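Trainee: So that we are looking at the same thing, I have put the structure below in structure tokens.
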Amino acid sequence: MLRPAEVLEAVPGLAVTQHSGDGKANQYFLRGFNLDHGTDFSTSVDGVPVNMPTHGHGQGYSDLNFLIPELVEHIDYRKGVYYAEDGDFSAAGAAEIHYCARLDAPFVTLSAGADGYRRVVAATSTALAGGQLLLGGEYGLTDGPWVLPEGYQRLSGLVKYTRGDGARGYGLSAMGYDGHWHATDQIPRRAVTAGLISRFGNIDSTDGGRSQRSSVSGEAWGRLGAGGWRIEAYVLGYRLDLFSNFTYFTDPVHGDQFEQYDNRQVYGATASYSLPLTLFAELGTLRTGAQIRDDHIDPVALYDTTARMRWNAVSVSEARVRSAAVYAAWELHPEPWWRVTLGARLDGDQFQVHANLPANSGTARAALVSPKLTLAFGPWNATEYFLGFGQGFHSNDARGTTISVDPNDGLTPVSKVTPLVRATGAEAGVRTTLAPELELAAALWTLRLDSELVLDNDASAIVPQGATRRYGLELSAGWHPQPWVRVDVDLAWTHARFSDFDPAGQYLPNAPQAVAALGVAINPPSGWFGGAHLRYFGATPLTQDDTVRSRPSLQLNGEVGYRFGSALSGTVSVFNLLDRRDDDIEYYYPSQLRGEPAPVSDLHFHPMEPRSVRASLSYRF
């Protein structure tokens with residue numbers, strides 16, 4: 001993996017890229033969504049949510065740079081709006097990342113590579129007071145291939161204690177992260193073509209940022225009567241200070257750099273109960289739960305800056321976002337070959353905003369009921385068929401629910417946004433293991449959103465636009481001819497359009513249409529091991545009329561390693577093995593370079609990093 005967030009590419013059809021400095025949250029693409037940087041895909045790590053509502057940079061901002069990949073045990077993922085447990089930001093799907101509770105042996109790994117890449121990660125676990133204590137930490141440094149050295153330094157830590165078994169127990173976790181970097185944002189094609197900058201150059205050398213995150217969480221589980229209960233709670237502190245410049249010099253005096261600042265404390269808890277339930281002589285399982293979350297954001301702010309110096313406060317707000325939900329899902333088996341799950345959830349949100357412009361202050365409330373239904377038939381001949389129907393939602397930025405005037409001039413009237421936006425989806429598919437070593441799956445799906453969250457470069461924000469509709473086809477296969485060999489193939493095709501007629505066009509800019517991946521892993525118990533991952537990302541429309549399209553990209557990463565014994569192993573990883581000059585992401589919008597009399601509509605891109613090599617040594621104690 002080039003970046004920690006690429007653990008999510010274990011989800012079939014999901015692609016992870018970057019359009020700025022590595023310390024910023026990644027771009028996620030799934031089911032026709034440009035999830036900038038996490039809208040409509042919900043993510044959590046050990047029960048602590050990652051997505052941030054009413055965020056300084058974008059609604060649902062999802063930054064996984066704090067993750068230590070070596071300590072991830074497994075990922076539970078779901079796609080679509082069919083699961084009662086999933087709420088805000090889960091229209092496209094959800095992923096729950098779980099750290100391991102113990103290690104087979106303590107380890108330390110040292111890595112070095114091109115462009116000043118250095119990294120050390122170490123972890124150990126030990127028995128303590130009848131439970132398991134896990135300690136892990138990581139320090140990383142890289143400059144990247146950029147003309148402006150990135151100087152990205154990150155420090156992550158994990159402390160986790162668990163005690164108990166599957167029937168009852170408890171766990172406590174603490175996670176921390178600090179990262180700071182200089183950023184090379186997307187650049188205009190015309191500047192490279194004219195020779196003003198190189199492909200890895202920049203327009204504003206003062207872009208960059210710093211991010212900090214710390215959390216403490218706990219969980220407990222046990223038996224109550226015939227059922228089982230689980231309670232989770234967390235406290236999260238978070239801060240981001242981000243400097244960006246996407247349009248450069250439309251203001252020839254100050255430049256167009258802006259600062260987005262977010263400082264918050266988050267409190268939340270979930271409680272669930274699962275009970276065997278017999279109704280109409282049919283044995284089933286009833287799952288119920290409640291979820292609460294309270295974000296205190298002080299401030300969430302946007303400033304105009306020059307070389308990171310503030311000269312204008314565009315919007316400075318204190319916001320509080322409180323959400324609560326209850327859900328229930330009843331799974332029953334009317335016949336041995338037929339499984340039905342009926343579910344629903346009720347969500348209620350409250351938004352409070354105190355803005356520097358009093359006209360934009362206020363309170364808003366909203367509630368939404370989301371029904372769910374899934375059907376599964378089989379298995380017959382090791383083949384199961386499934387259907388899913390449901391509704392979900394994403395929330396909008398609290399500031400948009402109370403806004404009255406444009407904060408840029410304090411005069412222009414602005415319409416308020418809908419607090420909670422409905423999503424409606426359906427899916428049909430098949431899963432089969434026709435041969436013991438071969439797994440196949442296919443799904444045809446559709447999804448409608450009442451309002452789309454899109455990137456507005458002029459507003460420097462994620463803003464609601466029109467209603468959208470999507471449908472697509474996903475195919476996946478997993479083949480493991482030997483216990484230590486696995487081959488995975490994933491194919492995803494999506495059709496995404498705005499629902500209502502617009503003279504500008506119906507296409508969704510940056511909505512992925514075709515994503516394909518091929519993965520090979522060879523991991524015998526001793527000697528040589530390795531693998532490779534090939535990802536194809538198809539061309540996407542960059543304008544609503546589809547007159548400008550991005551170029552497709554192809555990336556091949558590979559790794560080979562050798563175990564010198566039970567303790568010492570070494571690996572060599574090569575990224576962009578084909579050394580292709582493709583782009584991680586492309587946009588099309590107006591910008592103005594120094595000396596240009598007016599903004600020019602142009603393609604702006606962030607290049608894929610060139611071929612690079614990293615070597616690692618790992619020692620298990």
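Lettering and numbering for the structure tokens are positional, with chains as A, B, ... in the shown order, residues counted from 1 in each chain, and ligands counted from 1 in the shown order.
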Can you tell me which residues surround stretch 74-77 of chain A at a distance of at most 6 Å, considering only C-alpha atoms, apart from same-chain residues fewer than 6 positions away, and format the answer as a PyMOL selection string?
Mentor: chain A and resi 94-98
Trainee: Quick one: residues within 8 Å of A:Thr401, only C-alpha atoms counted, chain neighbours fewer than 4 positions away excluded, as a compact mmCIF listing (two decimals) with C-alpha atoms, in the first residue's frame?
Mentor:
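Writing done, so here's result_2.txt:
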# COMPACT_ATOMS: atom_id res chain seq x y z
CA PHE A 351 -28.02 21.72 14.42
CA THR A 363 -31.11 26.24 15.06
CA ALA A 364 -32.51 23.51 12.82
CA ASN A 396 -25.83 18.42 5.24
CA ASP A 397 -23.46 20.93 6.81
CA LYS A 416 -31.13 27.07 3.40
CA VAL A 417 -30.39 23.40 2.67
CA THR A 418 -32.37 20.33 3.70
CA PRO A 419 -30.79 18.99 6.93
Trainee: Set the distance at 10 Å and use only C-alpha atoms: which residues neighbour stretch 106-116 of chain A once local chain neighbours fewer than 6 positions away are removed? I'd like the list as a ChimeraX atom specification.
Mentor: /A:70,122-126,134-138,140-146,149-151,567-574,611-621
Trainee: May I have the residues from that selection written out with C-alpha atoms, as a CSV table (one decimal), in the first residue's frame?
Mentor:
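New file part_27.csv:
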chain,number,residue,atom,x,y,z
A,70,GLU,CA,-0.1,-3.7,10.2
A,122,ALA,CA,6.6,-1.5,16.2
A,123,ALA,CA,4.0,-3.4,18.3
A,124,THR,CA,3.7,-5.9,21.1
A,125,SER,CA,1.0,-7.6,23.1
A,126,THR,CA,1.2,-9.3,26.5
A,134,LEU,CA,-1.6,-4.3,22.8
A,135,LEU,CA,0.8,-1.5,22.2
A,136,GLY,CA,1.6,-0.1,18.8
A,137,GLY,CA,3.3,2.9,17.3
A,138,GLU,CA,4.4,4.4,14.0
A,140,GLY,CA,6.9,8.1,9.1
A,141,LEU,CA,8.5,10.8,7.0
A,142,THR,CA,8.5,11.4,3.3
A,143,ASP,CA,9.2,14.2,0.8
A,144,GLY,CA,7.4,12.6,-2.2
A,145,PRO,CA,8.4,13.2,-5.8
A,146,TRP,CA,7.3,16.8,-5.7
A,149,PRO,CA,9.5,18.6,-0.7
A,150,GLU,CA,6.4,17.4,1.2
A,151,GLY,CA,8.1,17.0,4.5
A,567,ALA,CA,12.2,-14.0,13.2
A,568,LEU,CA,13.7,-12.0,10.3
A,569,SER,CA,12.1,-11.1,7.0
A,570,GLY,CA,12.7,-8.6,4.3
A,571,THR,CA,10.5,-7.1,1.5
A,572,VAL,CA,11.0,-4.9,-1.5
A,573,SER,CA,7.9,-3.0,-2.7
A,574,VAL,CA,7.6,-1.2,-6.1
A,611,ARG,CA,7.9,4.5,-10.0
A,612,SER,CA,9.4,4.2,-6.6
A,613,VAL,CA,11.0,1.5,-4.5
A,614,ARG,CA,10.7,0.9,-0.7
A,615,ALA,CA,12.6,-1.8,1.2
A,616,SER,CA,11.7,-3.1,4.7
A,617,LEU,CA,13.2,-5.3,7.3
A,618,SER,CA,10.9,-6.8,9.9
A,619,TYR,CA,12.0,-8.7,13.1
A,620,ARG,CA,9.6,-10.7,15.2
A,621,PHE,CA,10.8,-11.3,18.8
Trainee: Please identify which residues in stretch 274-443 of chain A DSSP calls helix (DSSP H, G or I) from the backbone, and express them as number ranges by chain.
Mentor: A: 358-360, 398-402
Trainee: I'd like the contact shell of stretch 383-392 of chain A - 7 Å cut-off, only C-alpha atoms, skipping same-chain residues fewer than 2 positions apart - returned as a PyMOL selection string.
Mentor: chain A and resi 81-82+87+91+370-381+422-433
Trainee: What does the distance from atom CA of A:Trp181 to atom CA of A:Ala5 come to in Å, to one decimal?
Mentor: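 Distance between the two atoms: 17.0 Å.
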Trainee: Using DSSP on the backbone coordinates, identify all residues within stretch 128-266 of chain A classified as strand (DSSP E); present the result as a VMD selection string.
Mentor: chain A and resid 128 131 to 142 152 to 164 169 to 182 187 to 188 208 to 224 227 to 244 258 to 266
Trainee: Which residue out of A:Arg213, A:Thr305, A:Glu609, A:Ser20 has the minimum interatomic distance to A:Asp579 when only C-alpha atoms are used?
Mentor: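 Smallest separation from A:Asp579 among the options: A:Glu609.
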Trainee: Determine the nearest neighbour of A:Arg287 from the options A:Arg168, A:His533, A:His19, A:Arg230, counting only C-alpha atoms.
Mentor: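 Under the stated criterion, the closest residue is A:Arg230.
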Trainee: For A:Ala271, work out the shell of residues within 8 Å, counting only C-alpha atoms and skipping chain neighbours fewer than 6 positions away, then give it as a list in words.
Mentor: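 Once the adjacent positions are removed, what remains is Trp229, Arg230, Ile231, Glu232, Gly289, Ala290 and Gln291 of chain A.
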Trainee: Find the spatial neighbours of stretch 582-592 of chain A, counting only C-alpha atoms, within a cut-off of 6 Å - ignore same-chain residues fewer than 5 positions away - and output them as a compact mmCIF listing (two decimals) with N, CA and C atoms, in the first residue's frame.
Mentor:
# COMPACT_ATOMS: atom_id res chain seq x y z
N THR A 17 -7.47 7.56 -3.98
CA THR A 17 -6.45 8.39 -4.62
C THR A 17 -6.19 9.61 -3.75
N THR A 247 -7.42 28.11 -7.36
CA THR A 247 -7.66 29.03 -8.49
C THR A 247 -6.57 30.08 -8.63
N TYR A 248 -5.64 30.18 -7.70
CA TYR A 248 -4.35 30.85 -7.79
C TYR A 248 -4.41 32.38 -7.67
N PHE A 249 -4.76 33.12 -8.75
CA PHE A 249 -4.63 34.57 -8.71
C PHE A 249 -5.83 35.29 -9.33
N THR A 250 -7.04 34.81 -9.08
CA THR A 250 -8.20 35.61 -9.49
C THR A 250 -8.26 36.90 -8.68
N LEU A 542 -15.78 15.25 -16.74
CA LEU A 542 -15.32 16.35 -15.90
C LEU A 542 -16.24 17.56 -15.97
N SER A 553 -6.63 5.63 -16.00
CA SER A 553 -5.33 5.39 -15.36
C SER A 553 -5.17 3.91 -15.06
N PRO A 599 -9.71 34.59 -15.66
CA PRO A 599 -9.69 33.14 -15.44
C PRO A 599 -9.82 32.36 -16.75
N VAL A 600 -9.17 31.20 -16.79
CA VAL A 600 -9.17 30.33 -17.96
C VAL A 600 -9.67 28.95 -17.54
N SER A 601 -10.66 28.43 -18.23
CA SER A 601 -11.14 27.07 -17.96
C SER A 601 -10.10 26.08 -18.45
N ASP A 602 -9.70 25.19 -17.58
CA ASP A 602 -8.59 24.28 -17.92
C ASP A 602 -8.73 22.99 -17.12
N LEU A 603 -8.02 21.99 -17.57
CA LEU A 603 -7.93 20.73 -16.84
C LEU A 603 -6.86 20.87 -15.76
N HIS A 604 -7.21 20.52 -14.54
CA HIS A 604 -6.29 20.56 -13.41
C HIS A 604 -6.09 19.12 -12.92
N PHE A 605 -4.86 18.76 -12.63
CA PHE A 605 -4.57 17.36 -12.33
C PHE A 605 -3.56 17.24 -11.20
N HIS A 606 -3.61 16.08 -10.56
CA HIS A 606 -2.60 15.70 -9.57
C HIS A 606 -1.98 14.41 -10.07
N PRO A 607 -0.70 14.42 -10.42
CA PRO A 607 -0.12 13.26 -11.10
C PRO A 607 0.05 12.06 -10.17
N MET A 608 -0.08 10.89 -10.77
CA MET A 608 0.28 9.67 -10.05
C MET A 608 1.78 9.70 -9.78
Trainee: With only C-alpha atoms as the counted atoms, please give the residues lying no more than 12 Å from A:Ala398, apart from itself and same-chain residues fewer than 6 positions off, as a short mmCIF file (atom, residue, chain, number, x, y, z; two decimals) with all heavy atoms, in the first residue's frame.
Mentor:
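And here's selection.cif as it stands now:
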data_model
loop_
_atom_site.label_atom_id
_atom_site.label_comp_id
_atom_site.auth_asym_id
_atom_site.auth_seq_id
_atom_site.Cartn_x
_atom_site.Cartn_y
_atom_site.Cartn_z
N MET A 52 -16.61 13.18 9.52
CA MET A 52 -16.85 14.39 10.30
C MET A 52 -17.97 15.22 9.68
O MET A 52 -17.81 15.76 8.58
CB MET A 52 -15.57 15.24 10.38
CG MET A 52 -14.42 14.56 11.06
SD MET A 52 -14.70 14.42 12.84
CE MET A 52 -13.23 13.52 13.34
N PRO A 53 -19.11 15.37 10.37
CA PRO A 53 -20.15 16.28 9.87
C PRO A 53 -19.76 17.73 10.12
O PRO A 53 -19.03 18.03 11.07
CB PRO A 53 -21.38 15.88 10.70
CG PRO A 53 -20.81 15.36 11.98
CD PRO A 53 -19.52 14.68 11.61
N THR A 54 -20.25 18.64 9.25
CA THR A 54 -19.98 20.07 9.39
C THR A 54 -18.49 20.31 9.56
O THR A 54 -18.03 20.94 10.50
CB THR A 54 -20.79 20.67 10.56
OG1 THR A 54 -22.16 20.28 10.43
CG2 THR A 54 -20.73 22.19 10.57
N HIS A 55 -17.73 19.76 8.62
CA HIS A 55 -16.28 19.85 8.69
C HIS A 55 -15.77 21.07 7.94
O HIS A 55 -16.39 21.52 6.96
CB HIS A 55 -15.65 18.57 8.09
CG HIS A 55 -14.17 18.50 8.28
ND1 HIS A 55 -13.28 19.01 7.37
CD2 HIS A 55 -13.43 17.98 9.29
CE1 HIS A 55 -12.06 18.80 7.79
NE2 HIS A 55 -12.11 18.18 8.97
N GLY A 56 -14.63 21.58 8.38
CA GLY A 56 -14.05 22.76 7.76
C GLY A 56 -13.74 22.59 6.29
O GLY A 56 -13.82 23.54 5.51
N GLY A 58 -14.96 19.67 4.25
CA GLY A 58 -16.03 19.07 3.48
C GLY A 58 -16.89 18.17 4.33
O GLY A 58 -16.40 17.49 5.24
N GLN A 59 -18.18 18.15 4.04
CA GLN A 59 -19.13 17.35 4.79
C GLN A 59 -18.77 15.86 4.70
O GLN A 59 -18.58 15.32 3.62
CB GLN A 59 -20.54 17.59 4.25
CG GLN A 59 -21.63 16.81 4.93
CD GLN A 59 -21.93 17.30 6.34
OE1 GLN A 59 -21.20 18.09 6.90
NE2 GLN A 59 -23.01 16.81 6.91
N GLY A 60 -18.65 15.22 5.87
CA GLY A 60 -18.31 13.80 5.90
C GLY A 60 -16.84 13.50 5.77
O GLY A 60 -16.47 12.33 5.58
N ASP A 295 -21.24 16.47 18.42
CA ASP A 295 -20.04 17.16 17.94
C ASP A 295 -20.08 18.61 18.41
O ASP A 295 -21.00 19.36 18.06
CB ASP A 295 -19.97 17.13 16.42
CG ASP A 295 -19.59 15.77 15.86
OD1 ASP A 295 -20.36 14.80 16.05
OD2 ASP A 295 -18.54 15.68 15.23
N HIS A 296 -19.07 19.01 19.18
CA HIS A 296 -18.88 20.40 19.59
C HIS A 296 -17.75 20.96 18.74
O HIS A 296 -16.58 20.59 18.93
CB HIS A 296 -18.51 20.50 21.07
CG HIS A 296 -19.56 19.97 22.01
ND1 HIS A 296 -20.27 20.78 22.86
CD2 HIS A 296 -20.03 18.71 22.21
CE1 HIS A 296 -21.11 20.05 23.57
NE2 HIS A 296 -20.99 18.79 23.19
N ILE A 297 -18.06 21.87 17.82
CA ILE A 297 -17.08 22.37 16.85
C ILE A 297 -16.86 23.85 17.13
O ILE A 297 -17.77 24.67 16.94
CB ILE A 297 -17.57 22.16 15.41
CG1 ILE A 297 -18.17 20.76 15.25
CG2 ILE A 297 -16.42 22.33 14.43
CD1 ILE A 297 -19.00 20.58 14.00
N VAL A 300 -15.38 26.24 13.44
CA VAL A 300 -15.22 25.75 12.07
C VAL A 300 -15.18 27.01 11.23
O VAL A 300 -16.12 27.81 11.25
CB VAL A 300 -16.36 24.79 11.66
CG1 VAL A 300 -17.74 25.38 11.88
CG2 VAL A 300 -16.18 24.34 10.22
N SER A 317 -17.55 30.13 12.71
CA SER A 317 -18.77 29.68 13.39
C SER A 317 -18.43 28.73 14.52
O SER A 317 -17.44 27.99 14.47
CB SER A 317 -19.69 28.96 12.41
OG SER A 317 -20.05 29.79 11.33
N GLU A 318 -19.28 28.76 15.53
CA GLU A 318 -19.32 27.72 16.54
C GLU A 318 -20.54 26.86 16.23
O GLU A 318 -21.65 27.40 16.10
CB GLU A 318 -19.42 28.31 17.93
CG GLU A 318 -19.54 27.27 19.03
CD GLU A 318 -19.79 27.88 20.40
OE1 GLU A 318 -19.66 29.11 20.53
OE2 GLU A 318 -20.16 27.12 21.32
N ALA A 319 -20.35 25.57 16.05
CA ALA A 319 -21.47 24.70 15.65
C ALA A 319 -21.56 23.52 16.60
O ALA A 319 -20.55 23.03 17.13
CB ALA A 319 -21.30 24.22 14.22
N ARG A 320 -22.80 23.06 16.79
CA ARG A 320 -23.03 21.85 17.57
C ARG A 320 -23.99 20.97 16.76
O ARG A 320 -25.06 21.42 16.35
CB ARG A 320 -23.62 22.16 18.93
CG ARG A 320 -23.71 20.93 19.83
CD ARG A 320 -24.08 21.29 21.26
NE ARG A 320 -24.08 20.13 22.11
CZ ARG A 320 -24.44 20.15 23.40
NH1 ARG A 320 -24.80 21.30 23.97
NH2 ARG A 320 -24.42 19.04 24.12
N VAL A 321 -23.56 19.75 16.53
CA VAL A 321 -24.35 18.79 15.76
C VAL A 321 -24.64 17.60 16.67
O VAL A 321 -23.72 16.88 17.07
CB VAL A 321 -23.62 18.33 14.49
CG1 VAL A 321 -24.48 17.34 13.71
CG2 VAL A 321 -23.25 19.52 13.61
N ARG A 322 -25.92 17.41 17.00
CA ARG A 322 -26.32 16.29 17.85
C ARG A 322 -27.22 15.36 17.05
O ARG A 322 -28.15 15.80 16.38
CB ARG A 322 -27.05 16.80 19.09
CG ARG A 322 -26.13 17.47 20.09
CD ARG A 322 -26.87 17.99 21.30
NE ARG A 322 -27.57 19.23 20.99
CZ ARG A 322 -28.16 20.00 21.92
NH1 ARG A 322 -28.14 19.63 23.19
NH2 ARG A 322 -28.77 21.10 21.57
N SER A 323 -26.91 14.08 17.12
CA SER A 323 -27.70 13.09 16.40
C SER A 323 -28.03 11.92 17.32
O SER A 323 -27.24 11.56 18.20
CB SER A 323 -26.96 12.58 15.16
OG SER A 323 -25.76 11.94 15.52
N ASP A 349 -31.74 14.67 14.13
CA ASP A 349 -30.56 15.53 14.24
C ASP A 349 -30.96 16.94 14.66
O ASP A 349 -32.04 17.43 14.28
CB ASP A 349 -29.80 15.61 12.91
CG ASP A 349 -28.98 14.36 12.64
OD1 ASP A 349 -29.36 13.28 13.12
OD2 ASP A 349 -27.96 14.47 11.94
N GLN A 350 -30.10 17.57 15.42
CA GLN A 350 -30.28 18.97 15.79
C GLN A 350 -29.00 19.73 15.48
O GLN A 350 -27.89 19.28 15.79
CB GLN A 350 -30.61 19.12 17.28
CG GLN A 350 -30.88 20.57 17.69
CD GLN A 350 -31.11 20.71 19.17
OE1 GLN A 350 -30.19 20.56 19.97
NE2 GLN A 350 -32.35 21.01 19.56
N PHE A 351 -29.16 20.91 14.85
CA PHE A 351 -28.02 21.72 14.42
C PHE A 351 -28.13 23.09 15.09
O PHE A 351 -29.18 23.74 15.01
CB PHE A 351 -28.02 21.91 12.91
CG PHE A 351 -28.11 20.63 12.12
CD1 PHE A 351 -29.33 20.09 11.78
CD2 PHE A 351 -26.96 19.96 11.73
CE1 PHE A 351 -29.42 18.91 11.05
CE2 PHE A 351 -27.04 18.78 11.01
CZ PHE A 351 -28.27 18.24 10.68
N GLN A 352 -27.06 23.53 15.73
CA GLN A 352 -26.99 24.85 16.32
C GLN A 352 -25.76 25.56 15.79
O GLN A 352 -24.65 24.99 15.81
CB GLN A 352 -26.91 24.78 17.85
CG GLN A 352 -28.17 24.26 18.52
CD GLN A 352 -28.01 24.18 20.02
OE1 GLN A 352 -27.01 23.65 20.52
NE2 GLN A 352 -28.99 24.69 20.75
N VAL A 353 -25.93 26.78 15.30
CA VAL A 353 -24.83 27.52 14.70
C VAL A 353 -24.80 28.93 15.27
O VAL A 353 -25.84 29.62 15.31
CB VAL A 353 -24.97 27.58 13.16
CG1 VAL A 353 -23.83 28.41 12.55
CG2 VAL A 353 -24.97 26.18 12.57
N HIS A 354 -23.63 29.37 15.73
CA HIS A 354 -23.38 30.75 16.12
C HIS A 354 -22.29 31.27 15.19
O HIS A 354 -21.11 30.94 15.35
CB HIS A 354 -22.95 30.85 17.58
CG HIS A 354 -23.97 30.33 18.56
ND1 HIS A 354 -25.10 31.04 18.91
CD2 HIS A 354 -24.05 29.15 19.22
CE1 HIS A 354 -25.81 30.34 19.76
NE2 HIS A 354 -25.21 29.18 19.97
N ALA A 355 -22.70 32.08 14.21
CA ALA A 355 -21.79 32.54 13.17
C ALA A 355 -21.33 33.97 13.44
O ALA A 355 -21.98 34.72 14.17
CB ALA A 355 -22.48 32.47 11.80
N ASN A 360 -26.61 34.46 9.93
CA ASN A 360 -26.38 33.05 9.58
C ASN A 360 -26.40 32.14 10.80
O ASN A 360 -26.09 30.95 10.69
CB ASN A 360 -25.05 32.90 8.85
CG ASN A 360 -25.10 33.45 7.44
OD1 ASN A 360 -26.18 33.59 6.87
ND2 ASN A 360 -23.95 33.79 6.89
N SER A 361 -26.76 32.66 11.94
CA SER A 361 -26.89 31.85 13.15
C SER A 361 -28.30 31.29 13.25
O SER A 361 -29.24 31.80 12.64
CB SER A 361 -26.57 32.68 14.39
OG SER A 361 -25.26 33.19 14.34
N GLY A 362 -28.44 30.23 14.03
CA GLY A 362 -29.78 29.68 14.21
C GLY A 362 -29.75 28.23 14.63
O GLY A 362 -28.69 27.65 14.92
N THR A 363 -30.93 27.63 14.67
CA THR A 363 -31.11 26.24 15.06
C THR A 363 -31.99 25.55 14.04
O THR A 363 -32.94 26.15 13.52
CB THR A 363 -31.76 26.15 16.45
OG1 THR A 363 -30.92 26.80 17.41
CG2 THR A 363 -31.93 24.69 16.87
N ALA A 364 -31.69 24.30 13.74
CA ALA A 364 -32.51 23.51 12.82
C ALA A 364 -32.63 22.10 13.38
O ALA A 364 -31.71 21.59 14.05
CB ALA A 364 -31.90 23.49 11.42
N ARG A 365 -33.76 21.45 13.08
CA ARG A 365 -34.00 20.08 13.51
C ARG A 365 -34.59 19.30 12.34
O ARG A 365 -35.26 19.86 11.48
CB ARG A 365 -34.96 20.03 14.69
CG ARG A 365 -34.43 20.63 15.98
CD ARG A 365 -35.48 20.56 17.07
NE ARG A 365 -34.96 21.05 18.35
CZ ARG A 365 -34.96 22.33 18.70
NH1 ARG A 365 -35.44 23.24 17.86
NH2 ARG A 365 -34.48 22.70 19.86
N ALA A 366 -34.34 18.00 12.34
CA ALA A 366 -34.90 17.14 11.30
C ALA A 366 -34.92 15.71 11.80
O ALA A 366 -34.10 15.31 12.65
CB ALA A 366 -34.09 17.23 10.01
N LYS A 416 -31.55 28.10 2.46
CA LYS A 416 -31.13 27.07 3.40
C LYS A 416 -31.20 25.70 2.72
O LYS A 416 -31.98 25.48 1.79
CB LYS A 416 -32.03 27.08 4.65
CG LYS A 416 -31.90 28.34 5.50
CD LYS A 416 -32.84 28.30 6.67
CE LYS A 416 -32.62 29.48 7.61
NZ LYS A 416 -32.88 30.77 6.96
N VAL A 417 -30.40 24.75 3.22
CA VAL A 417 -30.39 23.40 2.67
C VAL A 417 -31.23 22.48 3.54
O VAL A 417 -31.51 22.77 4.71
CB VAL A 417 -28.95 22.85 2.56
CG1 VAL A 417 -28.08 23.75 1.70
CG2 VAL A 417 -28.32 22.67 3.95
N THR A 418 -31.64 21.36 2.96
CA THR A 418 -32.37 20.33 3.70
C THR A 418 -31.41 19.66 4.68
O THR A 418 -30.34 19.20 4.28
CB THR A 418 -32.93 19.29 2.73
OG1 THR A 418 -33.78 19.94 1.79
CG2 THR A 418 -33.70 18.22 3.48
N PRO A 419 -31.74 19.56 5.96
CA PRO A 419 -30.79 18.99 6.93
C PRO A 419 -30.42 17.54 6.64
O PRO A 419 -29.25 17.17 6.70
CB PRO A 419 -31.53 19.13 8.26
CG PRO A 419 -32.50 20.25 8.06
CD PRO A 419 -32.93 20.14 6.63
N LEU A 420 -31.43 16.69 6.34
CA LEU A 420 -31.19 15.27 6.09
C LEU A 420 -31.71 14.94 4.70
O LEU A 420 -32.87 15.21 4.39
CB LEU A 420 -31.89 14.40 7.14
CG LEU A 420 -31.53 14.68 8.61
CD1 LEU A 420 -32.30 13.74 9.53
CD2 LEU A 420 -30.03 14.57 8.84
N VAL A 463 -20.86 21.23 -1.49
CA VAL A 463 -22.18 21.88 -1.44
C VAL A 463 -23.23 20.95 -2.05
O VAL A 463 -22.93 20.12 -2.91
CB VAL A 463 -22.16 23.22 -2.19
CG1 VAL A 463 -21.17 24.18 -1.55
CG2 VAL A 463 -21.81 23.01 -3.67
#
Trainee: Which of these, A:Val48, A:Ala174, A:Ala183, A:Leu128, has the shortest distance to A:Gly157 once you count only C-alpha atoms?
Mentor: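 Among the listed residues, the smallest separation from A:Gly157 belongs to A:Ala174.
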Trainee: Using only C-alpha atoms, find each residue in stretch 444-483 of chain A having at least one atom no more than 10 Å away from stretch 515-530 of chain A; report its shortest atom-to-atom pair and that distance in Å (one decimal), rows by chain then rising number, as a tab-separated table.
Mentor:
residue	atom	partner	partner_atom	distance
A:Glu474	CA	A:Val515	CA	9.6
A:Leu475	CA	A:Ala516	CA	9.5
A:Ser476	CA	A:Ala517	CA	9.4
A:Ala477	CA	A:Leu518	CA	9.7
A:Gly478	CA	A:Gly519	CA	9.4
A:Trp479	CA	A:Val520	CA	9.6
A:His480	CA	A:Ala521	CA	9.4
A:Gln482	CA	A:Ile522	CA	9.3
A:Pro483	CA	A:Pro524	CA	8.2
Trainee: Okay, now the selection with N, CA, C and O atoms, as a short mmCIF file (atom, residue, chain, number, x, y, z; two decimals), in the first residue's frame?
Mentor:
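Output saved as selection-v7.cif:
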data_model
loop_
_atom_site.label_atom_id
_atom_site.label_comp_id
_atom_site.auth_asym_id
_atom_site.auth_seq_id
_atom_site.Cartn_x
_atom_site.Cartn_y
_atom_site.Cartn_z
N GLU A 474 -21.71 -5.00 -10.55
CA GLU A 474 -20.45 -5.37 -9.90
C GLU A 474 -20.24 -6.88 -10.02
O GLU A 474 -21.17 -7.66 -9.78
N LEU A 475 -19.02 -7.26 -10.37
CA LEU A 475 -18.63 -8.66 -10.47
C LEU A 475 -17.35 -8.87 -9.68
O LEU A 475 -16.44 -8.03 -9.72
N SER A 476 -17.28 -9.96 -8.95
CA SER A 476 -16.04 -10.25 -8.21
C SER A 476 -15.82 -11.76 -8.18
O SER A 476 -16.76 -12.55 -8.21
N ALA A 477 -14.54 -12.13 -8.12
CA ALA A 477 -14.15 -13.54 -8.06
C ALA A 477 -12.93 -13.68 -7.17
O ALA A 477 -12.03 -12.84 -7.19
N GLY A 478 -12.92 -14.73 -6.37
CA GLY A 478 -11.77 -15.07 -5.55
C GLY A 478 -11.39 -16.52 -5.76
O GLY A 478 -12.24 -17.42 -5.63
N TRP A 479 -10.15 -16.76 -6.10
CA TRP A 479 -9.68 -18.11 -6.42
C TRP A 479 -8.47 -18.40 -5.54
O TRP A 479 -7.50 -17.63 -5.50
N HIS A 480 -8.52 -19.50 -4.77
CA HIS A 480 -7.38 -19.88 -3.93
C HIS A 480 -7.05 -21.34 -4.20
O HIS A 480 -7.49 -22.25 -3.49
N GLN A 482 -4.36 -22.94 -3.75
CA GLN A 482 -3.61 -23.48 -2.62
C GLN A 482 -3.91 -22.62 -1.40
O GLN A 482 -4.29 -21.45 -1.54
N PRO A 483 -3.77 -23.17 -0.19
CA PRO A 483 -4.04 -22.36 1.00
C PRO A 483 -3.21 -21.08 1.06
O PRO A 483 -3.62 -20.10 1.69
#
